[in-house]
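Have a look at the structure below, then the notes.
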Amino acid sequence: MGVKIGKKRKQPVQNVDSDEEDQVELPPTTRSSDEPPLKKAKWINKQRVLVFAARGINHRDRHLMGDIRTLLPHCRSENKIERRENLFVVNEVCEMRNCNKAILFEGRLRRDLYMWLANISSGPSAKFLVENVYTMAELKLTGNCLKGSRPLLSFDKAFDGEPHYQLLKELLIQIFGTPNGHPKSQPFVDHVLTFSILDNRIWFRNYQILAEDGALAEIGPRFVLNPIKIFDGSFGGATLWENPLLCYRRQMNKSAASKYLSRVTKKAHHEHNKPGKSYSINDDDDIFVGDAFEKAKEILEKQKEEESLSTEEKIRKPKKIKKKGNAKGKANSQESVKSSKSPQSAKPPKPSKSNGISPKRKKGNTDKATLTAIKKAENKKSDGVKTVTKTKKGKVKAKTGKKHVQTE
């Protein structure tokens, strides 16, 4: 027998649109204000920096340490440590404070300030000499920023040139960079920390960002880091790099002492080799000493005194009287010269009747014969004059002498 299959009953059609319109949206059972606040995301870069100092720093260095603590919201403070203790104790202090980075300030003789930057876990560490320190309170600059805000780190291109600068750059980034999401930090970026290299030193500056255009205003502090050594471990270990251009204070004191000794030895050597007698001084060198008008007056007075002395000497000396011959003697001498030139006249020229003075001869060329005759005549006259001067007893003897000359 076959089984009869019954027909399916038709189900009644329901109006879907009408049911959707009848449903009304109900308000939520809880309000948004009653919900618990959203938890902040955990900060992954858990960098904690311990900033403290050793005993022996001065007031300016202490203020600088306080300024750095205000710049780093992720830092922790610690009491001063004794200078006698070894620096490896710092590693234990950092572990007790749960810090993995450290900034240690160390002073010497209250003059020099040294800064240690170290990675506590495995190193490396670097030692710097801090120079040209200016704190925020000392500068009184116009810039300002929000406390706890995250900074931008700006580095010079020279940090990528040499390997020791690359290592220092990474160390500075890990210490001065505020981690994202730190509980004490603020979600703002309103200042820039710049690290620039000049004269083999690292120059630190802190600027406020005034506008998006790049306008800046300095906040402070400012200081210069002169690198001394880079160690493999934390506060010790093998030296990876050492500054060959650094000059310590001991070397500076020694150089100053050597300068004094060299100056003393040069002075003694100069006195030993100094000549006993110097060159004669020129009298005219005193002209340029003192006032010019007074020197001119003194020179004029000296000239007047010399002129007066010269005139007095001239007055005292007697004048020399020159003897002049007669005009007749000159005429006779001229006639004698003319007669000597003629070949017929063999007789010597007649002497002039002057007072024992030889007549003047004319200029010109004369024969040898005439010259010899003139010389003989002059010699005879001189003999006659001598007889006159020796005797001087009467006119007769003087005349006889003259006659004797003529006859000869």
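Starting from 1 in every chain, residues are counted up; chains themselves are A, B, ... following the order of the structure tokens, and ligands are numbered from 1 as listed.
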
Going by DSSP on the backbone, which bits of segment 47-263 of chain A are strand (DSSP E or B)? Write them as a PyMOL selection string, please.
chain A and resi 49-54+75-77+81+101-108+112-119+125-134+149+152-155+186+191-198+201-209+216-218+222-233+236-242

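The residues of segment 114-175 of chain A that DSSP classifies as alpha helix (DSSP H), using the backbone of this structure, are Met136, Ala137, Glu138, Leu139, Pro163, His164, Tyr165, Gln166, Leu167, Leu168, Lys169, Glu170, Leu171, Leu172, Ile173, Gln174 and Ile175 of chain A.
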
May I have the residues from that selection written out with C-alpha atoms, as a compact mmCIF listing (two decimals), in the first residue's frame?
# COMPACT_ATOMS: atom_id res chain seq x y z
CA MET A 136 69.16 79.38 34.27
CA ALA A 137 69.10 81.82 37.19
CA GLU A 138 72.35 83.41 36.08
CA LEU A 139 71.44 84.01 32.46
CA PRO A 163 83.51 56.70 15.72
CA HIS A 164 83.96 58.14 19.23
CA TYR A 165 81.46 60.91 18.40
CA GLN A 166 78.98 58.30 17.18
CA LEU A 167 79.24 56.45 20.49
CA LEU A 168 78.79 59.68 22.47
CA LYS A 169 75.75 60.57 20.35
CA GLU A 170 74.02 57.29 21.21
CA LEU A 171 74.83 57.75 24.89
CA LEU A 172 73.43 61.31 24.92
CA ILE A 173 70.24 60.18 23.15
CA GLN A 174 69.55 57.50 25.75
CA ILE A 175 70.19 59.85 28.70

Quick one: everything within 10 Å of Thr194 of chain A, counting only C-alpha atoms, minus sequence neighbours fewer than 2 positions away in the same chain. Send it as a short mmCIF file (atom, residue, chain, number, x, y, z; two decimals) with C-alpha atoms, in the first residue's frame.
data_model
loop_
_atom_site.label_atom_id
_atom_site.label_comp_id
_atom_site.auth_asym_id
_atom_site.auth_seq_id
_atom_site.Cartn_x
_atom_site.Cartn_y
_atom_site.Cartn_z
CA PRO A 151 62.42 67.73 24.09
CA LEU A 152 63.68 67.43 20.53
CA LEU A 153 67.34 66.40 20.31
CA SER A 154 69.40 68.14 17.63
CA PHE A 155 72.91 66.89 16.79
CA ASP A 156 75.62 68.34 14.61
CA HIS A 191 61.85 72.93 23.43
CA VAL A 192 64.99 71.71 21.66
CA SER A 196 77.09 70.93 18.43
CA ILE A 202 80.50 69.53 22.65
CA TRP A 203 78.42 72.70 23.16
CA PHE A 204 75.06 72.25 24.92
CA ARG A 205 72.16 74.73 24.42
CA ASN A 206 68.44 74.65 25.32
CA TYR A 207 65.96 76.61 23.14
#

Using only C-alpha atoms, which residues sit within 9 Å of segment 40-57 of chain A once same-chain residues fewer than 3 positions away are excluded, as a PyMOL selection string?
chain A and resi 60-62+65+68-69+72+74-83+94+97-113+174-183
